[in-house]
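Trainee: Sending over coords-v4.csv (CSV, C-alpha atoms).
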```csv
chain,number,residue,atom,x,y,z
W,1,MET,CA,114.7,91.1,124.5
W,2,SER,CA,113.9,89.8,121.0
W,3,VAL,CA,110.5,88.6,119.8
W,4,PHE,CA,112.0,85.1,119.7
W,5,PHE,CA,112.2,85.0,123.5
W,6,LEU,CA,108.8,86.6,124.0
W,7,LYS,CA,107.0,83.7,122.5
W,8,HIS,CA,105.7,81.3,125.1
W,9,PRO,CA,107.2,77.8,124.9
W,10,ASP,CA,104.8,75.0,124.3
W,11,GLU,CA,103.5,73.3,127.5
W,12,ARG,CA,105.1,70.0,126.5
W,13,ASP,CA,108.5,71.8,126.1
W,14,LEU,CA,108.1,73.1,129.6
W,15,ALA,CA,107.3,69.6,130.8
W,16,LEU,CA,110.5,68.3,129.2
W,17,PHE,CA,112.5,71.3,130.5
W,18,ALA,CA,111.4,70.6,134.0
W,19,GLY,CA,112.4,67.0,133.8
W,20,GLY,CA,115.8,67.7,132.3
W,21,GLU,CA,115.0,66.1,128.9
W,22,ALA,CA,115.1,69.4,126.8
W,23,GLY,CA,117.9,69.7,124.3
W,24,PRO,CA,120.7,72.4,124.8
W,25,PHE,CA,119.1,74.9,122.5
W,26,GLU,CA,115.6,74.5,123.8
W,27,ARG,CA,116.9,74.7,127.4
W,28,TRP,CA,118.7,78.0,126.6
W,29,ARG,CA,115.7,79.4,124.9
W,30,ILE,CA,113.3,78.5,127.8
W,31,GLU,CA,115.7,79.8,130.4
W,32,ARG,CA,115.8,83.2,128.6
W,33,HIS,CA,112.0,83.2,128.3
W,34,LEU,CA,111.4,82.3,132.0
W,35,GLU,CA,113.5,85.3,133.0
W,36,SER,CA,110.7,87.6,132.0
W,37,CYS,CA,107.5,85.3,132.0
W,38,PRO,CA,106.0,84.6,135.5
W,39,ARG,CA,103.2,82.5,133.9
W,40,CYS,CA,105.6,80.1,132.3
W,41,LYS,CA,107.8,80.1,135.4
W,42,SER,CA,104.8,79.0,137.4
W,43,GLU,CA,103.9,76.3,134.9
W,44,THR,CA,107.5,75.0,135.0
W,45,ALA,CA,107.4,74.9,138.8
W,46,SER,CA,104.2,72.8,138.6
W,47,PHE,CA,106.1,70.3,136.5
W,48,PHE,CA,109.0,70.3,138.9
W,49,HIS,CA,106.7,69.4,141.7
W,50,LEU,CA,105.0,66.6,139.7
W,51,GLN,CA,107.9,64.3,140.3
W,52,GLU,CA,107.6,64.8,144.1
W,53,GLU,CA,103.8,64.2,143.9
W,54,LEU,CA,104.3,60.9,142.2
W,55,SER,CA,106.6,59.6,144.9
W,56,PRO,CA,103.9,57.5,146.7
W,57,LEU,CA,103.7,55.4,143.5
W,58,ALA,CA,107.2,54.2,144.3
W,59,GLU,CA,105.8,52.1,147.2
W,60,LEU,CA,105.4,48.5,146.6
W,61,PRO,CA,102.9,46.2,148.3
W,62,GLU,CA,104.1,43.5,150.5
W,63,VAL,CA,104.9,40.5,148.4
W,64,ASP,CA,106.0,37.0,149.5
W,65,TRP,CA,109.3,37.1,147.5
W,66,ASN,CA,110.3,33.5,148.4
W,67,ALA,CA,107.0,32.1,147.1
W,68,LEU,CA,107.3,34.2,144.0
W,69,ALA,CA,110.9,33.0,143.4
W,70,GLU,CA,109.9,29.4,143.9
W,71,SER,CA,107.0,29.7,141.4
W,72,ILE,CA,109.4,31.2,138.8
W,73,GLU,CA,112.1,28.6,139.3
W,74,GLU,CA,109.5,25.8,139.1
W,75,ALA,CA,108.3,27.2,135.8
W,76,LEU,CA,111.8,27.6,134.3
W,77,PRO,CA,112.5,23.9,133.6
W,78,THR,CA,109.2,23.7,131.7
W,79,ALA,CA,110.3,26.8,129.8
W,80,GLU,CA,113.6,25.2,128.9
W,81,ALA,CA,111.9,22.1,127.7
W,82,ALA,CA,109.6,24.2,125.6
W,83,VAL,CA,112.7,25.9,124.1
W,84,GLY,CA,114.2,22.5,123.2
W,85,GLU,CA,110.9,21.4,121.7
W,86,GLU,CA,110.7,24.7,119.8
W,87,ARG,CA,114.2,24.3,118.5
W,88,ARG,CA,113.5,20.7,117.5
W,89,THR,CA,110.4,21.7,115.6
W,90,LEU,CA,112.0,24.7,113.9
W,91,VAL,CA,112.3,22.5,110.7
W,92,PRO,CA,109.0,20.6,110.3
W,93,ALA,CA,108.8,17.4,108.4
W,94,TRP,CA,107.6,19.1,105.3
W,95,GLY,CA,110.5,21.5,105.5
W,96,TYR,CA,112.9,18.8,104.3
W,97,GLY,CA,110.7,18.0,101.3
W,98,LEU,CA,110.6,21.7,100.5
W,99,ALA,CA,114.3,22.0,100.8
W,100,ALA,CA,114.8,19.0,98.4
W,101,ALA,CA,112.4,20.6,95.9
W,102,CYS,CA,114.3,23.9,96.1
W,103,ALA,CA,117.6,22.1,95.6
W,104,ALA,CA,116.2,20.3,92.5
W,105,VAL,CA,114.9,23.6,91.0
W,106,VAL,CA,118.3,25.3,91.7
W,107,LEU,CA,120.1,22.4,90.1
W,108,ALA,CA,117.8,22.6,87.0
W,109,LEU,CA,118.5,26.3,86.7
W,110,VAL,CA,122.2,25.9,87.0
W,111,VAL,CA,122.2,23.2,84.3
W,112,GLN,CA,120.4,25.6,82.0
W,113,THR,CA,122.4,28.7,82.7
W,114,PRO,CA,124.6,30.2,80.0
W,115,TRP,CA,127.9,29.3,81.7
W,116,SER,CA,127.0,25.7,81.3
W,117,GLN,CA,126.6,26.0,77.6
W,118,PRO,CA,130.2,25.2,76.6
W,119,GLU,CA,129.7,21.8,78.2
W,120,SER,CA,126.5,21.4,76.3
W,121,ALA,CA,128.3,22.5,73.1
W,122,ALA,CA,130.9,19.9,73.8
W,123,VAL,CA,128.3,17.3,74.1
W,124,SER,CA,126.8,18.4,70.7
W,125,GLU,CA,130.2,18.3,69.2
W,126,THR,CA,130.7,14.9,70.5
W,127,ALA,CA,127.4,13.9,69.0
W,128,SER,CA,128.4,15.4,65.6
W,129,LEU,CA,131.6,13.3,65.5
W,130,GLY,CA,129.4,10.3,65.1
W,131,MET,CA,130.3,6.9,66.3
W,132,GLN,CA,134.0,7.4,67.0
W,133,GLU,CA,133.8,9.1,70.3
W,134,LYS,CA,130.7,7.4,71.2
W,135,LYS,CA,132.4,4.1,70.7
W,136,LEU,CA,135.4,5.2,72.6
W,137,GLU,CA,133.2,5.9,75.6
W,138,GLN,CA,131.2,2.8,75.2
W,139,PRO,CA,133.6,0.1,73.9
W,140,LYS,CA,131.3,-2.7,74.9
W,141,GLU,CA,128.4,-1.3,72.9
W,142,LEU,CA,130.8,-0.6,70.0
W,143,ALA,CA,132.1,-4.2,70.1
W,144,GLU,CA,128.6,-5.5,70.1
W,145,SER,CA,127.6,-3.2,67.2
W,146,LEU,CA,130.7,-4.1,65.2
W,147,ALA,CA,130.3,-7.8,65.7
W,148,THR,CA,126.7,-7.6,64.6
W,149,GLU,CA,127.6,-5.6,61.5
W,150,ALA,CA,130.5,-7.9,60.7
W,151,ARG,CA,128.3,-10.9,60.8
W,152,ALA,CA,125.8,-9.3,58.5
W,153,LYS,CA,128.3,-8.1,56.0
W,154,SER,CA,130.2,-11.4,55.8
W,155,ASP,CA,127.0,-13.1,55.1
W,156,LEU,CA,127.2,-14.9,58.4
W,157,ARG,CA,124.6,-17.5,58.5
W,158,ALA,CA,124.8,-18.3,62.1
W,159,GLU,CA,121.9,-16.9,64.0
W,160,PRO,CA,122.8,-14.2,66.5
W,161,GLU,CA,121.4,-16.3,69.3
W,162,THR,CA,123.5,-19.3,68.3
W,163,PHE,CA,126.7,-17.3,67.7
W,164,GLY,CA,126.2,-15.0,70.6
W,165,SER,CA,127.0,-11.4,70.9
W,166,ALA,CA,130.4,-9.9,70.5
W,167,ALA,CA,131.7,-7.6,73.1
W,168,VAL,CA,134.9,-6.8,74.9
W,169,GLY,CA,135.8,-9.7,77.2
W,170,GLN,CA,133.3,-11.9,75.5
W,171,GLU,CA,134.1,-15.1,73.6
W,172,LEU,CA,133.2,-15.2,69.9
W,173,THR,CA,132.0,-18.7,69.8
W,174,SER,CA,129.0,-20.5,68.8
W,175,ALA,CA,126.6,-21.9,71.3
W,176,ASP,CA,127.6,-25.5,70.5
W,177,GLY,CA,131.3,-24.8,70.9
W,178,ASP,CA,132.1,-25.7,67.3
W,179,ASN,CA,133.5,-22.3,66.2
W,180,ALA,CA,136.0,-23.1,63.5
W,181,ALA,CA,133.8,-22.6,60.5
W,182,GLU,CA,132.1,-19.7,62.1
W,183,LEU,CA,135.5,-18.0,62.8
W,184,ASP,CA,136.3,-18.4,59.2
W,185,GLN,CA,133.0,-16.7,58.3
W,186,LEU,CA,133.8,-13.9,60.7
W,187,ALA,CA,136.1,-12.4,58.0
W,188,VAL,CA,138.6,-11.4,60.6
W,189,VAL,CA,141.8,-10.3,59.0
W,190,SER,CA,144.5,-12.5,60.4
W,191,ALA,CA,148.0,-13.7,59.8
W,192,GLY,CA,150.8,-15.4,61.6
W,193,ALA,CA,150.1,-17.9,64.2
W,194,ARG,CA,146.5,-18.6,63.1
W,195,ALA,CA,146.9,-18.7,59.3
W,196,ASP,CA,143.6,-20.6,59.2
W,197,LEU,CA,141.9,-17.4,60.2
W,198,MET,CA,142.3,-15.8,56.8
W,199,PRO,CA,139.9,-13.1,55.7
W,200,SER,CA,137.1,-14.4,53.6
W,201,ALA,CA,135.5,-11.0,53.0
W,202,GLY,CA,136.7,-7.5,52.4
W,203,ALA,CA,134.9,-5.9,55.2
W,204,PHE,CA,138.0,-5.2,57.1
W,205,ALA,CA,140.5,-2.7,55.9
W,206,ASP,CA,143.7,-3.9,57.5
W,207,SER,CA,145.1,-6.2,60.0
W,208,ALA,CA,148.0,-6.8,62.3
W,209,VAL,CA,149.2,-9.9,64.0
W,210,GLY,CA,150.9,-10.5,67.3
W,211,GLY,CA,151.1,-14.0,68.7
W,212,ASP,CA,147.6,-15.1,69.8
W,213,ARG,CA,146.2,-11.6,69.3
W,214,MET,CA,144.7,-10.4,66.2
W,215,GLU,CA,143.9,-6.8,65.3
W,216,TYR,CA,141.5,-5.8,62.7
W,217,GLY,CA,140.1,-2.6,61.7
W,218,ARG,CA,137.1,-1.2,59.9
W,219,ASP,CA,135.6,2.2,59.5
W,220,GLY,CA,138.3,3.9,61.5
W,221,PHE,CA,138.1,1.5,64.5
W,222,THR,CA,140.3,-1.3,65.6
W,223,GLU,CA,139.3,-4.4,67.5
W,224,ILE,CA,141.9,-6.5,69.3
W,225,VAL,CA,140.8,-10.1,69.3
W,226,ALA,CA,142.6,-12.7,71.4
W,227,VAL,CA,142.7,-16.2,70.0
W,228,SER,CA,143.0,-19.1,72.4
W,229,ASP,CA,144.6,-22.5,71.5
W,230,ASP,CA,141.3,-24.1,71.0
W,231,GLY,CA,140.3,-21.4,68.5
W,232,VAL,CA,138.1,-19.3,70.7
W,233,LEU,CA,138.1,-15.6,69.8
W,234,THR,CA,137.6,-12.9,72.4
W,235,ILE,CA,137.4,-9.2,71.8
W,236,THR,CA,139.7,-7.6,74.3
W,237,GLU,CA,140.0,-4.0,73.1
W,238,VAL,CA,138.2,-1.6,70.8
W,239,TYR,CA,139.7,1.8,70.0
W,240,ALA,CA,139.6,4.5,67.4
W,241,GLN,CA,142.3,4.5,64.8
A,1,MET,CA,128.0,6.3,137.5
A,2,ASP,CA,131.1,8.4,136.9
A,3,GLY,CA,129.6,9.6,133.7
A,4,GLU,CA,126.5,10.8,135.4
A,5,ARG,CA,128.2,12.9,138.0
A,6,PRO,CA,129.3,15.8,135.8
A,7,THR,CA,125.9,15.9,134.2
A,8,THR,CA,124.2,16.1,137.5
A,9,LEU,CA,126.7,18.7,138.7
A,10,ALA,CA,126.2,20.7,135.6
A,11,VAL,CA,122.4,20.6,136.0
A,12,ASP,CA,122.8,21.6,139.7
A,13,ALA,CA,125.1,24.4,138.7
A,14,ALA,CA,122.8,25.6,136.0
A,15,ALA,CA,119.8,25.4,138.4
A,16,SER,CA,121.8,27.3,141.0
A,17,SER,CA,122.8,29.9,138.4
A,18,ASP,CA,119.2,30.2,137.3
A,19,ALA,CA,118.0,30.7,140.9
A,20,GLU,CA,120.7,33.4,141.5
A,21,PHE,CA,119.6,35.1,138.3
A,22,VAL,CA,115.9,35.1,139.4
A,23,GLU,CA,116.8,36.2,142.9
A,24,ALA,CA,119.0,39.1,141.6
A,25,HIS,CA,116.4,40.5,139.2
A,26,MET,CA,113.0,39.4,140.6
A,27,ARG,CA,112.2,42.5,142.7
A,28,ARG,CA,113.1,44.9,139.9
A,29,VAL,CA,111.1,43.0,137.4
A,30,PHE,CA,108.1,42.9,139.7
A,31,ARG,CA,108.4,46.6,140.4
A,32,LEU,CA,108.5,47.5,136.7
A,33,ILE,CA,105.5,45.3,135.9
A,34,TYR,CA,103.6,46.4,139.0
A,35,ARG,CA,104.0,50.0,138.0
A,36,VAL,CA,102.3,49.3,134.7
A,37,VAL,CA,99.8,46.8,135.7
A,38,GLY,CA,98.9,48.1,139.1
A,39,ASN,CA,97.9,45.0,141.0
A,40,VAL,CA,99.8,42.2,142.7
A,41,PRO,CA,98.1,39.0,141.4
A,42,ASP,CA,98.5,40.0,137.7
A,43,SER,CA,102.0,41.3,138.4
A,44,GLN,CA,103.1,38.0,140.0
A,45,ASP,CA,101.8,36.1,137.0
A,46,LEU,CA,103.5,38.5,134.6
A,47,VAL,CA,106.8,38.3,136.5
A,48,GLN,CA,106.8,34.6,136.0
A,49,GLU,CA,105.9,35.0,132.3
A,50,ALA,CA,108.7,37.6,131.8
A,51,PHE,CA,111.3,35.3,133.3
A,52,ILE,CA,110.1,32.4,131.1
A,53,LYS,CA,110.4,34.6,128.1
A,54,ALA,CA,113.8,35.7,129.2
A,55,PHE,CA,115.0,32.1,129.6
A,56,LYS,CA,113.6,31.2,126.2
A,57,ARG,CA,115.4,34.1,124.6
A,58,ARG,CA,118.6,34.1,126.6
A,59,ASP,CA,120.6,33.4,123.4
A,60,GLN,CA,119.8,37.1,122.5
A,61,LEU,CA,121.6,38.4,125.6
A,62,LYS,CA,125.0,39.3,124.2
A,63,ASP,CA,126.4,41.2,127.1
A,64,PRO,CA,125.6,39.6,130.5
A,65,GLU,CA,126.3,43.0,132.2
A,66,ARG,CA,123.3,44.4,130.4
A,67,ALA,CA,121.1,41.6,131.8
A,68,ALA,CA,119.1,44.0,134.0
A,69,GLN,CA,118.3,46.3,131.1
A,70,TRP,CA,117.5,43.4,128.8
A,71,LEU,CA,115.2,41.8,131.4
A,72,GLY,CA,113.6,45.1,132.2
A,73,ARG,CA,112.6,45.6,128.5
A,74,ILE,CA,111.1,42.1,128.5
A,75,ALA,CA,109.2,42.9,131.7
A,76,VAL,CA,107.8,46.2,130.5
A,77,ASN,CA,106.8,44.8,127.2
A,78,THR,CA,105.1,41.8,128.9
A,79,ALA,CA,103.2,44.2,131.1
A,80,LEU,CA,102.3,46.5,128.2
A,81,ASP,CA,101.0,43.6,126.1
A,82,PHE,CA,98.9,42.5,129.1
A,83,VAL,CA,97.4,45.9,129.6
A,84,ARG,CA,96.8,46.3,125.9
A,85,LYS,CA,94.8,43.1,125.8
A,86,ARG,CA,92.8,43.9,128.9
A,87,LYS,CA,92.3,47.5,127.6
A,88,ARG,CA,92.3,48.9,131.1
A,89,VAL,CA,94.4,48.8,134.2
A,90,VAL,CA,93.0,47.5,137.4
A,91,PHE,CA,94.8,49.3,140.2
A,92,GLU,CA,94.3,47.8,143.6
A,93,GLU,CA,94.7,49.7,146.8
A,94,ILE,CA,97.7,48.6,148.7
A,95,GLU,CA,96.3,47.0,151.8
A,96,LYS,CA,99.6,45.7,153.1
A,97,ALA,CA,101.9,48.5,152.2
A,98,PRO,CA,105.1,48.3,154.1
A,99,GLU,CA,104.8,50.5,157.2
A,100,GLN,CA,106.8,53.7,157.2
A,101,PRO,CA,108.9,54.3,160.3
A,102,GLN,CA,107.4,56.8,162.7
A,103,GLU,CA,104.2,57.1,160.8
A,104,SER,CA,100.9,57.7,162.7
A,105,PRO,CA,97.7,55.9,161.6
A,106,GLU,CA,96.4,59.2,160.3
A,107,GLN,CA,99.4,59.7,158.2
A,108,ALA,CA,99.1,56.1,156.9
A,109,VAL,CA,95.5,56.8,155.8
A,110,LEU,CA,96.5,60.0,154.1
A,111,ARG,CA,99.2,58.3,152.3
A,112,GLY,CA,96.8,55.6,151.1
A,113,GLU,CA,94.4,58.2,149.9
A,114,LYS,CA,97.0,60.1,148.0
A,115,ARG,CA,98.2,56.9,146.4
A,116,LYS,CA,94.7,56.1,145.2
A,117,TYR,CA,94.3,59.6,143.9
A,118,LEU,CA,97.5,59.2,141.9
A,119,GLU,CA,96.5,55.8,140.6
A,120,ASP,CA,93.2,57.3,139.3
A,121,GLY,CA,95.3,59.8,137.4
A,122,LEU,CA,97.4,57.2,135.8
A,123,ARG,CA,94.3,55.7,134.3
A,124,LEU,CA,93.9,58.8,132.1
A,125,LEU,CA,97.2,58.0,130.3
A,126,SER,CA,97.8,55.6,127.5
A,127,GLU,CA,99.8,52.5,128.5
A,128,ARG,CA,102.9,53.8,126.9
A,129,GLU,CA,102.5,57.2,128.4
A,130,ARG,CA,102.0,55.6,131.8
A,131,ALA,CA,105.0,53.3,131.5
A,132,ALA,CA,107.2,56.2,130.3
A,133,LEU,CA,106.1,58.5,133.2
A,134,ILE,CA,106.6,55.8,135.8
A,135,LEU,CA,109.9,54.6,134.5
A,136,ARG,CA,111.2,58.2,134.3
A,137,ASP,CA,109.6,60.0,137.2
A,138,VAL,CA,109.0,57.1,139.7
A,139,GLU,CA,111.8,54.7,138.9
A,140,GLY,CA,114.1,57.6,138.0
A,141,LEU,CA,115.5,56.0,134.8
A,142,PRO,CA,117.2,58.3,132.3
A,143,ALA,CA,115.1,59.0,129.2
A,144,VAL,CA,117.4,57.1,127.0
A,145,GLU,CA,117.1,54.0,129.2
A,146,VAL,CA,113.3,54.4,129.2
A,147,ALA,CA,113.4,54.4,125.4
A,148,LYS,CA,115.3,51.2,125.5
A,149,GLN,CA,112.9,49.6,128.0
A,150,LEU,CA,109.9,50.6,125.8
A,151,ASP,CA,111.7,49.6,122.7
A,152,CYS,CA,111.2,53.0,121.0
A,153,SER,CA,113.3,56.0,119.9
A,154,PRO,CA,114.4,58.6,122.4
A,155,ALA,CA,112.3,61.2,120.5
A,156,THR,CA,109.2,59.0,120.9
A,157,VAL,CA,109.8,58.5,124.6
A,158,ARG,CA,110.3,62.2,125.1
A,159,SER,CA,106.9,62.7,123.5
A,160,HIS,CA,105.3,60.1,125.7
A,161,ILE,CA,106.9,61.7,128.8
A,162,ALA,CA,105.8,65.2,127.9
A,163,ASN,CA,102.2,64.1,127.1
A,164,ALA,CA,102.0,62.2,130.4
A,165,ARG,CA,103.2,65.1,132.5
A,166,VAL,CA,100.9,67.6,130.8
A,167,LYS,CA,97.9,65.2,131.3
A,168,PHE,CA,98.8,64.4,134.8
A,169,LYS,CA,99.3,68.0,135.8
A,170,LYS,CA,95.9,68.9,134.4
A,171,TYR,CA,94.4,66.0,136.3
A,172,MET,CA,95.9,67.2,139.6
A,173,GLU,CA,94.9,70.9,138.9
A,174,GLY,CA,91.4,69.7,138.2
A,175,ARG,CA,91.2,67.7,141.5
A,176,ARG,CA,92.4,70.7,143.5
A,177,SER,CA,90.0,73.2,142.0
```
Hey, can you dump this file as structure tokens for me?
Mentor:
Amino acid sequence: MSVFFLKHPDERDLALFAGGEAGPFERWRIERHLESCPRCKSETASFFHLQEELSPLAELPEVDWNALAESIEEALPTAEAAVGEERRTLVPAWGYGLAAACAAVVLALVVQTPWSQPESAAVSETASLGMQEKKLEQPKELAESLATEARAKSDLRAEPETFGSAAVGQELTSADGDNAAELDQLAVVSAGARADLMPSAGAFADSAVGGDRMEYGRDGFTEIVAVSDDGVLTITEVYAQ
Amino acid sequence: MDGERPTTLAVDAAASSDAEFVEAHMRRVFRLIYRVVGNVPDSQDLVQEAFIKAFKRRDQLKDPERAAQWLGRIAVNTALDFVRKRKRVVFEEIEKAPEQPQESPEQAVLRGEKRKYLEDGLRLLSERERAALILRDVEGLPAVEVAKQLDCSPATVRSHIANARVKFKKYMEGRRS
């Protein structure tokens, strides 16, 4: 027999061997060793008997199983209620606030990420184009701006508060309703049906006529002005040329 | 009223199902806990606690056929937590042990003494060694199953079992000499 099998196995290995928990190699090695080692054989036998010695521990005391079952079943609805309460309180009130704050942070990060730059660049480009696109997006503001400038350049004497502001859908009329003289001063390029609305200033580059509608342009923009029978002018459209 | 009936029936069915579950597993849960804790009053309280834990976590039970194993793990861990907090085990002598058939009074006394002697030996073990030894050598569970019940690896449970057997064997040899 080789020296390998002469070496005594560890006591713990013998304990596992006796209980059947030793691995295949360990079991083979111990079996070979026990063939020639009475001392280890006796040790192993002690471990074999240990399981029998422990058998009295398998006894159970007398227990009132019905009473125990009832006490458990009584406790269970309380436990289920606790589960429900636990689930309801899984997200505390401050949790929603925290979630909202996190969402705001994430949104802010997304807006500032590189992939959002083209959109930002587009915004910058739009800004660099000046009034044109801005006015297209905000025709009402444009109309107001144009009307103000038109009044100033045509030496309009009417006070803004008496003439009113010019905007799409808004009548260009004076507060007192007498707008004929003021319309003349508006320097709107006109022709056709309302020959009386001739330009009195060179502020407008061109004009077009179509029934009761007048079109005039300036600085690359065109305003369409509707003229009613009683001479009220209303800016109906503003667009880039 | 018609709308209430199914709800009531569902509640009754659930209660009936819960009662059946308790009835089916109560004795085993008690046995596992009693082996670790060693006395009836604490074991009864812990059985109740283990069932409450199980019902709270029943979403975790994926395979109903493994309910016994899953519940056993909860029971053993509940008992081990209890023992760890108390730092020691209070074994009580079984006064009302079920009578063995054809057993004389002398034999009953001897059996009681032996049991007390064994319980004294269990106190020498750590709670995990004790649980591993009892589950393996008293309850007869496979080592792999013991590992699952104790929520540790098979290698660790083998180590617990080996240590427990060596300590217990020395205890018994010391008492005999």
Trainee: Return as a VMD selection string the residues belonging to chain A that are within 9 Å of chain W, counting all atoms listed in the file.
Mentor: chain A and resid 15 18 to 19 22 to 23 26 to 27 31 34 to 35 39 to 40 44 47 to 49 51 to 53 55 to 57 94 to 98 111 to 112 114 to 115 118 to 119 134 136 to 139 142 to 143 158 to 159 161 to 163 165 to 166 168 to 169
Trainee: Neighbouring residues of Pro154 in chain A were defined as those with any atom within 9 Å, considering only C-alpha atoms; residues of the same chain fewer than 5 positions away were excluded. Please report them as a ChimeraX atom specification.
Mentor: /A:143-148,159
Trainee: Between CA of Arg130 in chain A and CA of His160 in chain A, what is the distance, to one decimal in Å?
Mentor: 8.3 Å
Trainee: For Gln69 in chain A, which of A:Lys85, A:Glu113, A:Asp151, A:Asp120 is the closest residue, counting only C-alpha atoms?
Mentor: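 Under the stated criterion, the closest residue is A:Asp151.
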Trainee: Between CA of Glu65 in chain A and CA of Arg28 in chain A, what is the distance in Å, rounded to a tenth?
Mentor: 15.4 Å
Trainee: Figure out the distance between CA of Arg29 in chain W and CA of Lys7 in chain W, please, to one decimal in Å.
Mentor: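 We find that CA of Lys7 in chain W and CA of Arg29 in chain W lie 10.0 Å from each other.
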Trainee: With distances taken over all atoms listed in the file, which residue among A:Gln107, A:Arg176, A:Arg86, A:Tyr117 lies nearest Val37 in chain A?
Mentor: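 So, comparing all the options, the nearest one is A:Arg86.
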Trainee: Using all atoms listed in the file, determine which residues lie at most 7 Å from Val36 in chain A, disregarding the query and same-chain residues fewer than 2 positions distant; provide the list as an mmCIF file with C-alpha atoms, in the coordinates of the input.
Mentor:
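Final file, out-v5.cif:
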```cif
data_model
loop_
_atom_site.group_PDB
_atom_site.id
_atom_site.type_symbol
_atom_site.label_atom_id
_atom_site.label_comp_id
_atom_site.auth_asym_id
_atom_site.auth_seq_id
_atom_site.Cartn_x
_atom_site.Cartn_y
_atom_site.Cartn_z
ATOM 1 C CA LEU A 32 108.500 47.500 136.700
ATOM 2 C CA ILE A 33 105.500 45.300 135.900
ATOM 3 C CA TYR A 34 103.600 46.400 139.000
ATOM 4 C CA GLY A 38 98.900 48.100 139.100
ATOM 5 C CA ALA A 79 103.200 44.200 131.100
ATOM 6 C CA ARG A 130 102.000 55.600 131.800
ATOM 7 C CA ALA A 131 105.000 53.300 131.500
#
```
